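Heads up, the thing below is written out as structure tokens.
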Amino acid sequence: MAIDLTTNDQKKGDVEKAAAARASLRFVHDGNIVGLGTGSTAAHAVRFLGERVQAGLKIRGIPTSVHTKELATSVGIPLTTLDEFQQIDVTIDGADEFDPQLHLTKGGGGALLREKIIASASLQLVIIADSSKQVAMLGKFPLPVEVISFAQSLVAKRIAALGAAVKLRQDAKGNPFVTDEGHHILDCSFGRIPDPPSLARTLSDMPGVVEHGLFIDLAGVVLVAEGENVTELRRHTSPSL
């Protein structure tokens, strides 16, 4: 007899990921160019979109990783590129953490560079998440920082000086993890990030850093699931003067 070793938390997380992903489909409309996120939660959305495409929905997707490209192709979503479309109607993606201001930590799946490029080109970024991703302050999840390998030791030292424990991400064979763009990732454990915009600027100004996983003022909507109930959170923006 097979034994199910899946924990209750894992089962709850899967239910919530699927619920948030399904709720995100209402933001996608016929004729849209859709950014397709990377990670376990975003994969649910890609599969659900594939079902809608098979039922007649007309969209074209731009994937944020090679893995997502393969998944989208397998479920029948027609794909395009930024060479053809520099403006994306809506992107659906996951997050490793989000705070009350809808600042995000992303990059656990290793696709933060392409994810941020796609997010920046999107009229609307919809983040889907299970309840464990909602935090009062970012920092519990290690912050991914994508670096060129030439500079990784120097960058690691400089980030450590900011108070983080820094670890080079490795693949299953113990080799440095290599992103789709050929870079390495430093996973930086800050514990608490009280001022994400300030840290984002500091990291962006650091030579050798290609991109970091702090997504500031990019998410317009977060759909967070608690069980099968989904709550929609929106970022509040200051009115134009």
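Naming scheme: A, B, ... for chains in displayed order of the structure tokens; residues 1 onward per chain; ligands 1 onward as shown.
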Would you return as an mmCIF file with C-alpha atoms, in the first residue's frame the members of region 191-232 of chain A that DSSP assigns to strand (DSSP E or B) on this structure's backbone?
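As a result, states-v1.cif now contains:
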data_model
loop_
_atom_site.group_PDB
_atom_site.id
_atom_site.type_symbol
_atom_site.label_atom_id
_atom_site.label_comp_id
_atom_site.auth_asym_id
_atom_site.auth_seq_id
_atom_site.Cartn_x
_atom_site.Cartn_y
_atom_site.Cartn_z
ATOM 1 C CA VAL A 209 24.705 42.894 -9.640
ATOM 2 C CA VAL A 210 22.604 42.044 -12.693
ATOM 3 C CA GLU A 211 19.264 42.186 -10.847
ATOM 4 C CA HIS A 212 17.786 41.621 -7.403
ATOM 5 C CA LEU A 214 12.980 43.133 -4.638
ATOM 6 C CA PHE A 215 10.014 44.185 -6.768
ATOM 7 C CA VAL A 221 -2.923 43.412 -7.455
ATOM 8 C CA VAL A 222 -2.155 40.508 -5.130
ATOM 9 C CA LEU A 223 -4.582 37.607 -4.944
ATOM 10 C CA VAL A 224 -3.905 35.738 -1.714
ATOM 11 C CA ALA A 225 -5.720 32.513 -0.888
ATOM 12 C CA GLU A 226 -6.649 31.305 2.579
ATOM 13 C CA ASN A 229 -11.126 31.784 -0.255
ATOM 14 C CA VAL A 230 -9.240 34.406 -2.263
ATOM 15 C CA THR A 231 -8.756 38.000 -1.122
ATOM 16 C CA GLU A 232 -7.841 40.742 -3.598
#
Interface rows for region 63-108 of chain A against region 173-190 of chain A: nearest pair, Å to one decimal, 12 Å, only C-alpha atoms, as CSV:
residue,atom,partner,partner_atom,distance
A:Pro63,CA,A:Asp180,CA,12.0
A:Thr64,CA,A:Asp180,CA,9.6
A:Ser65,CA,A:Asp180,CA,6.9
A:Val66,CA,A:Asp180,CA,6.9
A:His67,CA,A:Asp180,CA,9.4
A:Thr68,CA,A:Asp180,CA,11.4
A:Lys69,CA,A:Asp180,CA,11.7
A:Thr105,CA,A:Cys188,CA,11.4
A:Lys106,CA,A:Asp187,CA,11.2
A:Gly107,CA,A:Ile185,CA,9.1
A:Gly108,CA,A:Asp187,CA,8.9
(request) Go through A:Leu102, A:Gly61, A:Glu70, A:Gly39 one by one, measure the shortest atom-to-atom distance of each to Glu84 (chain A) using only C-alpha atoms, and give the residue with the smallest value. (result) A:Gly61
(request) Extract the full set of alpha helix (DSSP H) residues from region 58-228 of chain A according to DSSP on the backbone, and format it as a ChimeraX atom specification. (result) /A:66-74,112-120,152-160,196-204
Filtering to C-alpha atoms, could you give me those residues as a JSON list (two decimals), in the first residue's frame?
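So the final result, stored in selection_0.json, reads:
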[["chain", "number", "residue", "atom", "x", "y", "z"],
["A", 66, "VAL", "CA", 12.67, 28.42, -20.37],
["A", 67, "HIS", "CA", 10.72, 26.16, -18.00],
["A", 68, "THR", "CA", 7.56, 28.25, -18.35],
["A", 69, "LYS", "CA", 8.01, 28.35, -22.13],
["A", 70, "GLU", "CA", 8.06, 24.56, -22.20],
["A", 71, "LEU", "CA", 5.00, 24.32, -19.94],
["A", 72, "ALA", "CA", 3.04, 26.90, -21.94],
["A", 73, "THR", "CA", 3.85, 25.12, -25.19],
["A", 74, "SER", "CA", 2.75, 21.79, -23.72],
["A", 112, "LEU", "CA", 13.95, 37.10, -11.30],
["A", 113, "LEU", "CA", 15.70, 38.93, -14.16],
["A", 114, "ARG", "CA", 13.22, 37.96, -16.86],
["A", 115, "GLU", "CA", 10.34, 38.25, -14.38],
["A", 116, "LYS", "CA", 11.25, 41.85, -13.58],
["A", 117, "ILE", "CA", 11.69, 42.75, -17.24],
["A", 118, "ILE", "CA", 8.25, 41.34, -18.06],
["A", 119, "ALA", "CA", 6.70, 43.00, -15.00],
["A", 120, "SER", "CA", 8.14, 46.37, -16.01],
["A", 152, "GLN", "CA", 30.21, 37.10, -7.21],
["A", 153, "SER", "CA", 32.82, 37.02, -4.41],
["A", 154, "LEU", "CA", 33.11, 40.81, -4.37],
["A", 155, "VAL", "CA", 29.34, 41.29, -4.42],
["A", 156, "ALA", "CA", 28.87, 38.66, -1.71],
["A", 157, "LYS", "CA", 31.31, 40.52, 0.54],
["A", 158, "ARG", "CA", 29.56, 43.85, -0.02],
["A", 159, "ILE", "CA", 26.12, 42.41, 0.64],
["A", 160, "ALA", "CA", 27.39, 40.67, 3.78],
["A", 196, "PRO", "CA", 12.83, 47.58, 0.81],
["A", 197, "PRO", "CA", 13.03, 50.59, -1.59],
["A", 198, "SER", "CA", 16.29, 51.75, 0.01],
["A", 199, "LEU", "CA", 17.87, 48.29, -0.13],
["A", 200, "ALA", "CA", 16.69, 47.90, -3.72],
["A", 201, "ARG", "CA", 18.51, 51.11, -4.70],
["A", 202, "THR", "CA", 21.67, 50.04, -2.86],
["A", 203, "LEU", "CA", 21.75, 46.68, -4.62],
["A", 204, "SER", "CA", 20.96, 48.16, -8.03]]
(request) Tell me which protein, DNA and RNA residues are within 10 Å of region 125-135 of chain A, counting only C-alpha atoms, leaving out same-chain ones fewer than 5 positions away, and put them as number ranges by chain. (result) A: 9, 12-25, 27, 34-35, 37, 41-42, 44-45, 88-100, 102, 104-105, 118-120, 140-141, 218-228, 230-234
(request) Rank nothing, just name the residue among A:Ile33, A:Val28, A:Ala111, A:Gly139 nearest to Leu49 (chain A), using only C-alpha atoms. (result) A:Val28
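Atom to atom, CA of Arg192 (chain A) and CA of Ile216 (chain A) stand 16.1 Å apart.
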(message) Which residue is closest to Asn32 (chain A)? Choose from A:Lys167, A:Arg60, A:Lys11, A:Arg235 and count only C-alpha atoms.
(response)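 Residue with the minimum atom-to-atom distance to Asn32 (chain A): A:Arg60.
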